[in-house]
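So this block is query-v7.cif, mmCIF, C-alpha atoms:
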data_start
#
loop_
_atom_site.label_atom_id
_atom_site.label_comp_id
_atom_site.auth_asym_id
_atom_site.auth_seq_id
_atom_site.Cartn_x
_atom_site.Cartn_y
_atom_site.Cartn_z
CA MET A 272 13.49 -38.67 -10.44
CA GLY A 273 10.79 -38.16 -13.09
CA LYS A 274 9.23 -35.29 -11.15
CA ARG A 275 12.60 -33.59 -10.68
CA ASN A 276 13.43 -33.93 -14.37
CA ALA A 277 10.11 -32.31 -15.19
CA GLN A 278 10.91 -29.46 -12.81
CA ARG A 279 14.33 -29.00 -14.43
CA LYS A 280 12.67 -28.83 -17.84
CA ASN A 281 10.22 -26.24 -16.54
CA ILE A 282 12.96 -24.20 -14.90
CA ALA A 283 15.04 -24.13 -18.09
CA MET A 284 12.79 -21.43 -19.54
CA PHE A 285 13.78 -19.11 -16.67
CA ASP A 286 17.55 -19.54 -17.15
CA SER A 287 19.30 -16.58 -18.70
CA ASP A 288 22.86 -15.88 -19.80
CA ASP A 289 22.53 -12.23 -18.86
CA ASP A 290 22.47 -11.64 -15.10
CA ASP A 291 21.80 -7.95 -15.63
CA ASN A 292 18.49 -8.28 -17.48
CA SER A 293 15.87 -5.93 -16.10
CA SER A 294 12.56 -7.26 -14.83
CA GLU A 295 10.98 -5.54 -17.83
CA SER A 296 13.10 -7.45 -20.34
CA SER A 297 12.59 -10.63 -18.33
CA SER A 298 8.87 -10.09 -18.56
CA SER A 299 8.93 -9.60 -22.33
CA THR A 300 11.17 -12.65 -22.76
CA LEU A 301 8.66 -14.68 -20.79
CA LYS A 302 5.91 -13.61 -23.14
CA SER A 303 7.86 -14.86 -26.16
CA ASP A 304 8.82 -18.05 -24.31
CA ARG A 305 5.16 -18.61 -23.53
CA MET A 306 4.23 -18.29 -27.19
CA SER A 307 6.92 -20.75 -28.32
CA LEU A 308 6.17 -23.25 -25.56
CA TYR A 309 2.41 -23.20 -25.67
CA GLY A 310 1.39 -21.94 -29.06
CA ASN A 311 -2.32 -21.19 -29.15
CA GLU A 312 -3.45 -22.92 -25.95
CA GLU A 313 -6.14 -21.30 -23.79
CA VAL A 314 -4.90 -18.43 -21.60
CA LEU A 315 -5.87 -19.81 -18.18
CA PRO A 316 -4.00 -23.17 -18.42
CA VAL A 317 -0.95 -21.33 -19.77
CA LYS A 318 -0.87 -18.97 -16.80
CA ASP A 319 -1.38 -21.76 -14.27
CA SER A 320 1.40 -23.76 -15.89
CA LEU A 321 3.70 -20.74 -16.06
CA LEU A 322 3.14 -19.98 -12.38
CA GLU A 323 3.97 -23.56 -11.39
CA GLN A 324 7.18 -23.34 -13.41
CA ALA A 325 8.05 -19.97 -11.88
CA LEU A 326 7.51 -21.34 -8.37
CA ASP A 327 9.86 -24.25 -9.11
CA ALA A 328 12.45 -21.79 -10.40
CA LEU A 329 12.49 -19.91 -7.07
CA PHE A 330 14.30 -22.91 -5.56
CA GLU A 331 17.24 -22.49 -7.96
CA LYS A 332 20.63 -21.23 -6.79
CA ARG A 333 21.18 -18.91 -9.75
CA GLY A 334 20.00 -15.39 -8.91
CA ALA A 335 19.13 -14.48 -12.50
CA THR A 336 16.83 -17.51 -12.72
CA ARG A 337 14.98 -16.50 -9.58
CA GLU A 338 14.68 -12.90 -10.79
CA LYS A 339 13.12 -14.02 -14.05
CA ALA A 340 10.72 -16.28 -12.16
CA LEU A 341 9.68 -13.47 -9.80
CA ALA A 342 9.02 -11.20 -12.80
CA ALA A 343 6.76 -13.91 -14.25
CA ILE A 344 4.87 -14.26 -10.96
CA ILE A 345 4.32 -10.50 -10.75
CA GLU A 346 3.08 -10.39 -14.35
CA ALA A 347 0.65 -13.27 -13.72
CA PHE A 348 -0.70 -11.73 -10.49
CA ASN A 349 -1.20 -8.40 -12.25
CA SER A 350 -2.99 -9.86 -15.26
CA GLN A 351 -5.63 -11.74 -13.29
CA LEU A 352 -6.58 -12.78 -9.76
CA GLN A 353 -4.67 -15.99 -8.95
CA ASP A 354 -7.01 -17.42 -6.29
CA GLU A 355 -6.61 -21.10 -7.13
CA PHE A 356 -2.84 -20.96 -7.43
CA VAL A 357 -2.57 -19.12 -4.10
CA GLU A 358 -4.87 -21.61 -2.39
CA LYS A 359 -2.55 -24.46 -3.39
CA ASN A 360 0.82 -22.73 -3.08
CA PHE A 361 0.42 -19.89 -0.57
CA ALA A 362 3.01 -21.02 2.01
CA THR A 363 5.59 -22.12 -0.57
CA LEU A 364 5.40 -18.87 -2.51
CA LEU A 365 5.59 -16.74 0.65
CA HIS A 366 8.63 -18.49 2.09
CA GLN A 367 10.53 -18.60 -1.20
CA CYS A 368 9.95 -14.87 -1.65
CA LEU A 369 11.16 -14.27 1.92
CA ASN A 370 14.29 -16.30 1.14
CA CYS A 371 14.87 -14.00 -1.83
CA ILE A 372 14.62 -10.97 0.49
CA LYS A 373 17.04 -12.54 2.99
CA LYS A 374 19.68 -13.71 0.51
CA GLY A 375 19.04 -12.08 -2.85
CA SER A 376 20.50 -9.13 -4.73
CA SER A 377 18.87 -5.69 -4.57
CA LYS A 378 16.99 -6.45 -7.79
CA GLU A 379 15.75 -9.74 -6.39
CA ILE A 380 14.62 -8.03 -3.18
CA VAL A 381 12.68 -5.46 -5.22
CA LEU A 382 10.86 -8.20 -7.14
CA ALA A 383 10.25 -10.44 -4.11
CA SER A 384 8.88 -7.50 -2.08
CA HIS A 385 6.41 -6.68 -4.82
CA ALA A 386 5.38 -10.33 -5.16
CA ILE A 387 4.66 -10.57 -1.41
CA GLY A 388 2.56 -7.40 -1.57
CA LEU A 389 0.58 -8.87 -4.47
CA LEU A 390 0.16 -12.12 -2.53
CA ALA A 391 -1.31 -10.20 0.43
CA SER A 392 -3.61 -8.23 -1.87
CA THR A 393 -4.82 -11.51 -3.37
CA VAL A 394 -5.49 -13.46 -0.14
CA GLY A 395 -7.37 -10.57 1.50
CA CYS A 396 -8.15 -10.40 5.23
CA GLY A 397 -7.78 -13.57 7.30
CA ASP A 398 -5.28 -16.04 8.66
CA ASN A 399 -3.11 -16.09 5.52
CA ALA A 400 -2.74 -12.30 5.52
CA ARG A 401 -1.81 -12.42 9.19
CA GLU A 402 0.81 -15.09 8.49
CA ILE A 403 2.30 -12.94 5.74
CA LEU A 404 2.66 -10.03 8.18
CA GLU A 405 4.11 -12.11 11.01
CA GLU A 406 6.57 -14.04 8.83
CA SER A 407 7.67 -11.01 6.82
CA MET A 408 8.19 -8.45 9.57
CA THR A 409 11.68 -9.52 10.65
CA PRO A 410 13.15 -10.12 7.14
CA ILE A 411 11.77 -6.79 5.89
CA SER A 412 13.00 -4.88 8.96
CA GLN A 413 16.48 -6.38 8.59
CA ALA A 414 16.58 -5.68 4.87
CA LEU A 415 15.61 -2.05 5.49
CA LYS A 416 18.51 -1.69 7.92
CA SER A 417 21.03 -3.38 5.63
CA GLY A 418 21.43 -0.58 3.14
CA SER A 419 19.96 2.57 1.64
CA GLU A 420 19.82 1.65 -2.06
CA PRO A 421 16.68 3.65 -2.97
CA THR A 422 14.88 1.19 -5.27
CA LYS A 423 15.27 -1.66 -2.79
CA THR A 424 14.24 0.45 0.20
CA ILE A 425 11.17 1.85 -1.56
CA SER A 426 9.98 -1.63 -2.58
CA LEU A 427 10.40 -2.91 0.98
CA LEU A 428 8.48 0.09 2.35
CA GLU A 429 5.59 -0.42 -0.06
CA CYS A 430 5.51 -4.15 0.74
CA LEU A 431 5.45 -3.42 4.48
CA ALA A 432 2.60 -0.94 3.97
CA ILE A 433 0.45 -3.38 1.97
CA ILE A 434 0.95 -6.43 4.21
CA THR A 435 0.26 -4.35 7.34
CA PHE A 436 -2.84 -2.75 5.82
CA VAL A 437 -4.25 -6.17 4.91
CA GLY A 438 -2.91 -8.40 7.69
CA GLY A 439 -2.69 -6.20 10.79
CA ASN A 440 -5.32 -7.15 13.37
CA GLU A 441 -4.53 -4.61 16.07
CA PRO A 442 -3.69 -0.87 16.05
CA ALA A 443 -0.41 -1.73 17.79
CA GLU A 444 0.67 -3.79 14.76
CA THR A 445 -0.03 -0.91 12.41
CA GLU A 446 1.80 1.50 14.72
CA ARG A 447 4.79 -0.88 14.79
CA SER A 448 5.09 -0.78 11.00
CA MET A 449 4.63 2.99 10.94
CA GLN A 450 7.41 3.31 13.53
CA ILE A 451 9.76 1.16 11.42
CA MET A 452 9.11 3.52 8.51
CA TRP A 453 9.58 6.59 10.70
CA GLN A 454 12.96 5.34 11.94
CA LEU A 455 14.34 5.54 8.40
CA VAL A 456 13.92 9.32 8.32
CA ARG A 457 13.90 10.22 12.03
CA PRO A 458 16.13 7.67 13.81
CA LYS A 459 16.24 7.69 17.59
CA MET A 460 19.89 8.25 18.33
CA GLY A 461 21.78 5.81 20.52
CA SER A 462 25.26 4.44 21.11
CA ASN A 463 24.97 1.93 18.26
CA VAL A 464 22.88 3.97 15.84
CA VAL A 465 24.61 5.64 12.91
CA ALA A 466 22.61 8.43 11.29
CA ILE A 467 22.52 8.06 7.51
CA LYS A 468 20.82 10.89 5.68
CA PRO A 469 18.08 9.30 3.52
CA SER A 470 17.60 10.39 -0.07
CA THR A 471 14.64 12.54 -1.08
CA THR A 472 13.01 9.61 -2.90
CA ILE A 473 13.22 7.45 0.23
CA ILE A 474 11.73 10.21 2.41
CA THR A 475 8.88 10.58 -0.10
CA ALA A 476 8.21 6.82 0.00
CA VAL A 477 8.27 6.81 3.81
CA VAL A 478 5.77 9.67 4.03
CA SER A 479 3.44 8.08 1.45
CA SER A 480 3.56 4.63 3.08
CA TRP A 481 3.14 6.09 6.57
CA ALA A 482 0.09 8.12 5.49
CA PHE A 483 -1.41 5.09 3.73
CA LEU A 484 -1.27 3.12 7.00
CA LEU A 485 -2.64 6.07 8.96
CA THR A 486 -5.83 5.86 6.86
CA SER A 487 -6.58 2.48 8.46
CA MET A 488 -6.24 3.76 12.04
CA ASP A 489 -9.35 4.52 14.10
CA GLY A 490 -7.39 6.22 16.86
CA TRP A 491 -3.87 6.89 18.03
CA THR A 492 -2.22 6.14 21.34
CA THR A 493 1.12 7.87 20.80
CA ASP A 494 2.23 10.71 23.05
CA PRO A 495 0.85 14.05 21.75
CA LYS A 496 4.38 15.46 21.75
CA GLU A 497 5.39 12.82 19.20
CA TRP A 498 2.43 13.86 17.06
CA GLN A 499 3.50 17.47 17.26
CA GLU A 500 7.02 16.47 16.21
CA SER A 501 5.58 14.54 13.27
CA ILE A 502 3.48 17.48 12.12
CA SER A 503 6.41 19.87 12.52
CA TYR A 504 8.52 17.49 10.43
CA PHE A 505 5.93 17.35 7.65
CA SER A 506 5.74 21.14 7.77
CA SER A 507 9.53 21.30 7.28
CA LEU A 508 9.22 19.05 4.22
CA LEU A 509 6.92 21.61 2.59
CA ASP A 510 9.98 23.87 2.33
CA LYS A 511 12.14 21.29 0.50
CA ASP A 512 13.08 21.65 -3.17
CA ASP A 513 11.59 18.35 -4.36
CA ARG A 514 7.97 18.78 -5.49
CA LEU A 515 6.98 15.12 -5.14
CA LEU A 516 8.17 15.23 -1.54
CA ARG A 517 6.14 18.38 -0.90
CA ILE A 518 3.05 16.71 -2.39
CA ALA A 519 3.46 13.62 -0.18
CA ALA A 520 3.88 15.80 2.93
CA GLY A 521 0.88 17.94 1.93
CA GLU A 522 -1.35 14.87 1.60
CA ALA A 523 -0.17 13.53 4.98
CA LEU A 524 -0.98 16.84 6.66
CA ALA A 525 -4.41 17.01 5.00
CA LEU A 526 -5.13 13.50 6.28
CA ILE A 527 -4.07 14.43 9.83
CA PHE A 528 -6.33 17.51 9.72
CA GLU A 529 -9.19 15.40 8.31
CA MET A 530 -8.89 12.94 11.18
CA GLY A 531 -9.09 15.88 13.60
CA ASN A 532 -5.87 14.87 15.29
CA LEU A 533 -4.37 18.36 15.43
CA GLU A 534 -7.13 19.55 17.74
CA LYS A 535 -7.03 16.29 19.73
CA PHE A 536 -3.37 16.88 20.62
CA ALA A 537 -4.21 20.17 22.30
CA GLU A 538 -7.18 18.66 24.15
CA VAL A 539 -5.21 15.80 25.71
CA SER A 540 -2.09 17.80 26.50
CA VAL A 541 -1.28 18.43 30.15
CA GLU A 542 0.07 21.84 29.18
CA GLY A 543 -3.41 23.12 28.45
CA ASN A 544 -3.64 26.60 26.92
CA LYS A 545 0.08 26.80 26.17
CA SER A 546 -0.12 23.66 24.03
CA PHE A 547 -3.31 24.86 22.34
CA MET A 548 -1.64 28.11 21.35
CA HIS A 549 1.35 26.18 20.00
CA ILE A 550 -0.93 23.93 17.93
CA GLN A 551 -2.85 26.90 16.54
CA GLY A 552 0.43 28.62 15.65
CA LEU A 553 1.64 25.49 13.88
CA LYS A 554 -1.62 25.20 11.98
CA SER A 555 -1.43 28.85 10.92
CA LYS A 556 2.14 28.32 9.67
CA ILE A 557 1.10 25.26 7.64
CA VAL A 558 -1.85 27.09 6.07
CA ASN A 559 0.50 29.88 4.93
CA GLN A 560 2.93 27.32 3.48
CA VAL A 561 0.09 25.62 1.63
CA ARG A 562 -1.18 28.92 0.26
CA ASP A 563 2.29 29.74 -1.13
CA LEU A 564 2.67 26.31 -2.75
CA ALA A 565 -0.79 26.54 -4.32
CA SER A 566 0.30 29.62 -6.25
CA GLU A 567 4.01 28.99 -6.79
CA ALA A 568 5.21 30.60 -10.01
CA GLY A 569 7.78 27.93 -10.76
CA GLY A 570 11.09 29.02 -12.16
CA LYS A 571 13.90 28.22 -14.52
CA GLY A 572 14.12 24.53 -15.32
CA SER A 573 10.91 23.69 -13.49
CA ASN A 574 9.21 20.45 -14.43
CA LYS A 575 5.84 21.73 -15.66
CA LYS A 576 3.98 18.49 -14.91
CA ASP A 577 5.24 18.34 -11.31
CA LEU A 578 4.55 22.06 -10.86
CA SER A 579 0.97 21.63 -12.10
CA SER A 580 0.44 18.60 -9.82
CA GLN A 581 1.77 20.59 -6.87
CA ARG A 582 -0.46 23.60 -7.53
CA ASN A 583 -3.56 21.46 -7.95
CA LEU A 584 -2.85 19.41 -4.83
CA PHE A 585 -2.21 22.40 -2.60
CA LYS A 586 -5.23 24.30 -3.95
CA ASP A 587 -7.26 21.29 -2.78
CA VAL A 588 -5.48 21.23 0.58
CA LEU A 589 -6.03 24.96 1.06
CA GLU A 590 -9.71 24.65 0.20
CA PHE A 591 -9.97 21.85 2.74
CA PHE A 592 -8.20 23.83 5.47
CA GLU A 593 -10.30 26.93 4.88
CA TYR A 594 -13.72 25.49 3.98
CA ASP A 595 -13.54 21.84 5.12
CA TYR A 596 -14.17 20.72 1.53
CA CYS A 597 -12.46 17.51 0.35
CA PRO A 598 -11.56 17.00 -3.32
CA GLU A 599 -13.82 14.61 -5.20
CA THR A 600 -12.33 12.27 -7.80
CA SER A 601 -13.71 9.77 -10.27
CA SER A 602 -11.71 6.89 -11.80
CA LYS A 603 -12.90 4.78 -14.71
CA ILE A 604 -12.94 1.05 -13.87
CA GLY A 605 -14.11 -0.70 -17.05
CA VAL A 606 -17.76 0.36 -17.46
CA ASP A 607 -17.89 1.52 -13.83
CA SER A 608 -16.65 4.59 -12.00
CA LEU A 609 -14.94 4.69 -8.62
CA GLN A 610 -15.49 7.90 -6.66
CA THR A 611 -13.58 9.28 -3.70
CA SER A 612 -14.53 12.29 -1.58
CA THR A 613 -12.19 12.13 1.45
CA TRP A 614 -8.43 12.46 1.80
CA SER A 615 -8.32 9.00 3.35
CA GLN A 616 -9.96 7.41 0.30
CA LEU A 617 -7.82 9.41 -2.11
CA ILE A 618 -4.57 8.37 -0.39
CA GLN A 619 -5.65 4.71 -0.36
CA LEU A 620 -6.64 4.89 -4.03
CA ASN A 621 -3.37 6.50 -5.12
CA PHE A 622 -1.32 3.99 -3.14
CA PHE A 623 -3.08 0.95 -4.61
CA LYS A 624 -2.94 2.49 -8.11
CA HIS A 625 0.80 2.97 -7.78
CA PHE A 626 1.45 -0.46 -6.24
CA LEU A 627 -0.70 -2.47 -8.68
CA GLY A 628 0.32 -0.45 -11.74
CA GLY A 629 -1.11 -2.00 -14.89
CA GLY A 630 -3.02 -4.56 -12.80
CA PHE A 631 -5.05 -1.95 -10.91
CA VAL A 632 -8.19 -2.03 -13.08
CA LYS A 633 -8.27 -5.84 -13.17
CA HIS A 634 -7.92 -6.04 -9.39
CA MET A 635 -10.58 -3.37 -8.87
CA GLN A 636 -12.94 -5.43 -11.02
CA ASP A 637 -12.26 -8.83 -9.41
CA ASN A 638 -10.57 -8.38 -6.03
CA ASP A 639 -12.96 -8.53 -3.06
CA LEU A 640 -10.41 -6.88 -0.77
CA LEU A 641 -10.43 -3.72 -2.89
CA HIS A 642 -14.22 -3.85 -3.18
CA ASP A 643 -14.40 -3.81 0.63
CA VAL A 644 -11.79 -1.07 1.06
CA PHE A 645 -13.46 1.31 -1.40
CA GLY A 646 -17.09 0.24 -0.97
CA PHE A 647 -17.04 -0.53 -4.69
CA THR A 648 -19.33 -3.02 -6.43
CA PRO A 649 -18.70 -3.57 -10.16
CA LYS A 650 -21.89 -3.89 -12.18
CA LYS A 651 -20.96 -7.43 -13.16
CA LYS A 652 -20.80 -8.33 -9.45
CA ASN A 653 -24.44 -7.41 -8.84
CA LEU A 654 -26.03 -10.75 -7.91
CA GLN A 655 -29.48 -9.70 -9.11
CA GLY A 656 -28.05 -8.71 -12.48
CA VAL A 657 -29.60 -5.26 -12.05
CA GLU A 658 -27.54 -2.11 -12.10
CA HIS A 659 -28.28 -0.15 -8.95
CA GLN A 660 -27.85 3.59 -9.34
CA ILE A 661 -27.81 5.52 -6.06
CA SER A 662 -29.02 9.08 -5.85
CA SER A 663 -26.74 12.07 -5.38
CA ASN A 664 -28.12 12.50 -1.84
CA GLU A 665 -27.27 8.87 -1.03
CA LYS A 666 -23.76 9.39 -2.39
CA ARG A 667 -23.35 12.53 -0.29
CA MET A 668 -24.52 10.74 2.87
CA PHE A 669 -22.28 7.76 2.19
CA ARG A 670 -19.14 9.72 1.35
CA SER A 671 -19.39 12.55 3.84
CA PRO A 672 -16.31 12.51 6.12
CA ASN A 673 -18.64 12.82 9.10
CA SER A 674 -21.10 10.10 8.09
CA VAL A 675 -21.43 7.00 10.22
CA MET A 676 -20.97 4.85 7.12
CA ASN A 677 -17.73 6.54 6.15
CA LYS A 678 -16.28 6.31 9.65
CA ALA A 679 -17.28 2.66 9.79
CA ARG A 680 -15.43 1.93 6.56
CA THR A 681 -12.07 2.53 8.22
CA GLN A 682 -13.01 -0.15 10.74
CA PHE A 683 -14.24 -2.63 8.14
CA LEU A 684 -10.97 -4.48 7.63
CA ASN A 685 -10.46 -4.98 11.35
CA LYS A 686 -13.96 -6.44 11.68
CA GLN A 687 -13.28 -8.81 8.80
CA ARG A 688 -10.06 -9.94 10.45
CA MET A 689 -11.78 -10.59 13.77
CA LEU A 690 -14.44 -12.67 12.01
CA ALA A 691 -11.71 -14.64 10.28
CA LYS A 692 -10.05 -15.34 13.62
CA ASP A 693 -13.32 -16.67 15.07
CA ARG A 694 -14.11 -18.85 12.07
CA ASN A 695 -13.05 -22.49 12.11
CA VAL A 696 -13.71 -24.78 9.12
CA GLY A 697 -16.77 -22.82 8.11
CA HIS A 698 -18.28 -22.62 11.62
CA PHE A 699 -18.13 -19.93 14.27
CA VAL A 700 -16.43 -21.06 17.46
CA HIS A 701 -18.45 -20.16 20.54
CA GLY A 702 -16.99 -18.97 23.80
CA GLY A 703 -14.45 -16.59 22.25
CA GLU A 704 -11.66 -19.17 21.88
CA GLU A 705 -10.32 -20.81 18.76
CA GLU A 706 -9.94 -24.56 18.67
CA GLY A 707 -6.38 -25.73 18.33
#

Translate this structure into structure tokens?
Amino acid sequence: MGKRNAQRKNIAMFDSDDDDNSSESSSSTLKSDRMSLYGNEEVLPVKDSLLEQALDALFEKRGATREKALAAIIEAFNSQLQDEFVEKNFATLLHQCLNCIKKGSSKEIVLASHAIGLLASTVGCGDNAREILEESMTPISQALKSGSEPTKTISLLECLAIITFVGGNEPAETERSMQIMWQLVRPKMGSNVVAIKPSTTIITAVVSSWAFLLTSMDGWTTDPKEWQESISYFSSLLDKDDRLLRIAAGEALALIFEMGNLEKFAEVSVEGNKSFMHIQGLKSKIVNQVRDLASEAGGKGSNKKDLSSQRNLFKDVLEFFEYDYCPETSSKIGVDSLQTSTWSQLIQLNFFKHFLGGGFVKHMQDNDLLHDVFGFTPKKKNLQGVEHQISSNEKRMFRSPNSVMNKARTQFLNKQRMLAKDRNVGHFVHGGEEEG
């Protein structure tokens, strides 16, 4: 009884009389609650205590209480890496968030989806990440089919992208998630399938999430005709009115060209020269579309920021198509800089930046998963305590799209996952089988 009373006392801080509070207001309320409850205590114990209270609150029947608790969990995971809390509470947090997706309101599903994505980003590659993917696949798929409310759908898509990127061991698992995304915008018609036209924002999210997962693929086993349909679809999106949608489609096409898949389709096609001519015609059409978008004049009522982003993006895409030159970017991470020089890296960076929001820099500094993905070592992580500066030639060799090191990076996560599967209580299991 004493333990339950303590839980009730902890949960009380998450109760709210206003069921319609946004996650933002919930988050600010939590900050003031934290000040009144804990005064000037050290930050780390406060956050640990707050997370324990939030986890207890996820068991409550009242939706508003769970929403407030989820907002607190997201805030805590964004502000610092919660390794110890996750180690103790991984399964409980995962399954309570999944319950929120199965039974909660749209707002609760949005928050729970984000929390699961943060959980996967925190645990990194291994058995826990795989469990997140396996346990979440069905609830997320069902939630995506249950309605087209944009905010909910977008959060579920981003969650699916993150947990697949981190937890998928095999190409088939990544392809499965990409197919689920694809079905939202290009459903295969059948007797019990009702076509619902997705909103522009949902299509944009699908394209971005799909492209993000494509960056982790070493190869592709899908029928070349399906690839051609995909590329034709992305080409059609370049003609749409929404600039953010055009940008997402442009990045996806640049990635496909970077991976060399357009030429591969023609090579493996049984139609031979006819298919090759079709592919070259499609490529020529896309290049012309990109050239037009790179110099679009805008028009009455144009959003200048979106117009500028579009022009810059498609100038980069055009330069890549014509001269095989990828845009180089540099992002400030504390005292360090994170560089990208391929479309694959840029798409991964933008996706993680968007998903982690205000927590991106902190995760880039402390999260080993992101260090592995981007080949990034913060100066404070250098074990010798010496800052290692690589030469411009070394950078060029490392970041060249054709370098062995760069190609190997896309396979890094899969190798880490395979090692995790073969590891048992700190020892490698011989003979290729795991002990039960």

Report, in Å to a single decimal, how far apart CA of Ser320 (chain A) and CA of Glu358 (chain A) are. 15.0 Å

List every protein, DNA or RNA residue that has at least one atom no more than 12 Å from (-0.1, 17.2, 7.9) in the file's coordinates, counting only C-alpha atoms, and write the result as a PyMOL selection string. chain A and resi 478-479+481-482+485+498-509+517-533+553-554+556-558+560-561+585+588-589+592+614

Among the residues A:Gln413, A:Ser601, A:Ser480, A:Thr475, the one that comes closest to Leu428 (chain A) [using all atoms listed in the file]: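 Of A:Gln413, A:Ser601, A:Ser480, A:Thr475, the one nearest Leu428 (chain A) is A:Ser480, counting all atoms listed in the file.
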
Apply the PyMOL selection byres ((chain A and resi 389) around 10) to the structure shown and report the selected residues as a PyMOL selection string. chain A and resi 344-345+348-349+352-353+383-388+390-394+430+433-434+626-627

Return as an MDAnalysis selection string the set of residues that the PyMOL selection byres ((chain A and resi 610) around 6) yields on the displayed structure. chainID A and resid 600:601 609 611

Counting all atoms listed in the file, which of A:Ala342, A:Ala362, A:Ala476, A:Val381 gets nearest to Ile403 (chain A)? A:Ala362

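Nearest to Cys371 (chain A) of all the residues A:Glu402, A:Glu590, A:Glu331, A:Glu441 is A:Glu331, counting only C-alpha atoms.
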
Within 9 Å of Ser448 (chain A), counting all atoms listed in the file, which residues show up once you throw out same-chain ones fewer than 5 positions away? Write them as a PyMOL selection string, please. chain A and resi 408+431-432+435+443+453+481+484

Interatomic distance (Å, one decimal) between CA of Lys624 (chain A) and CA of Glu338 (chain A):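 Between CA of Lys624 (chain A) and CA of Glu338 (chain A) the gap works out to 23.5 Å.
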
If you measure from CA of Glu497 (chain A) to CA of Arg401 (chain A), what distance in Å do you get, rounded to one decimal? 28.1 Å

Report the residues retrieved by the PyMOL selection byres ((chain A and resi 607) around 10) from the displayed file, expressed as a PDB file with C-alpha atoms, in the coordinates of the input.
ATOM      1  CA  SER A 601     -13.710   9.770 -10.270  1.00  0.00           C
ATOM      2  CA  SER A 602     -11.710   6.890 -11.800  1.00  0.00           C
ATOM      3  CA  LYS A 603     -12.900   4.780 -14.710  1.00  0.00           C
ATOM      4  CA  ILE A 604     -12.940   1.050 -13.870  1.00  0.00           C
ATOM      5  CA  GLY A 605     -14.110  -0.700 -17.050  1.00  0.00           C
ATOM      6  CA  VAL A 606     -17.760   0.360 -17.460  1.00  0.00           C
ATOM      7  CA  SER A 608     -16.650   4.590 -12.000  1.00  0.00           C
ATOM      8  CA  LEU A 609     -14.940   4.690  -8.620  1.00  0.00           C
ATOM      9  CA  GLN A 610     -15.490   7.900  -6.660  1.00  0.00           C
ATOM     10  CA  GLN A 636     -12.940  -5.430 -11.020  1.00  0.00           C
ATOM     11  CA  PHE A 647     -17.040  -0.530  -4.690  1.00  0.00           C
ATOM     12  CA  THR A 648     -19.330  -3.020  -6.430  1.00  0.00           C
ATOM     13  CA  PRO A 649     -18.700  -3.570 -10.160  1.00  0.00           C
ATOM     14  CA  LYS A 650     -21.890  -3.890 -12.180  1.00  0.00           C
ATOM     15  CA  LYS A 651     -20.960  -7.430 -13.160  1.00  0.00           C
TER      16      LYS A 651
END

Using only C-alpha atoms for the distances, tell me which of A:Cys396, A:Ala328, A:Val477, A:Thr336 is nearest to Asp639 (chain A).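 Nearest candidate to Asp639 (chain A) out of A:Cys396, A:Ala328, A:Val477, A:Thr336: A:Cys396.
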
Show me, as a PyMOL selection string, the residues that have an atom within 12 Å of Glu405 (chain A) when counting only C-alpha atoms, minus same-chain residues fewer than 4 positions from it. chain A and resi 365-366+369+398-401+409-412+431+434-435+437-440+444+447-448

Distance criterion (only C-alpha atoms): nearest to Leu415 (chain A) out of A:Pro442, A:Gly397, A:Pro469, A:Gly629: A:Pro469
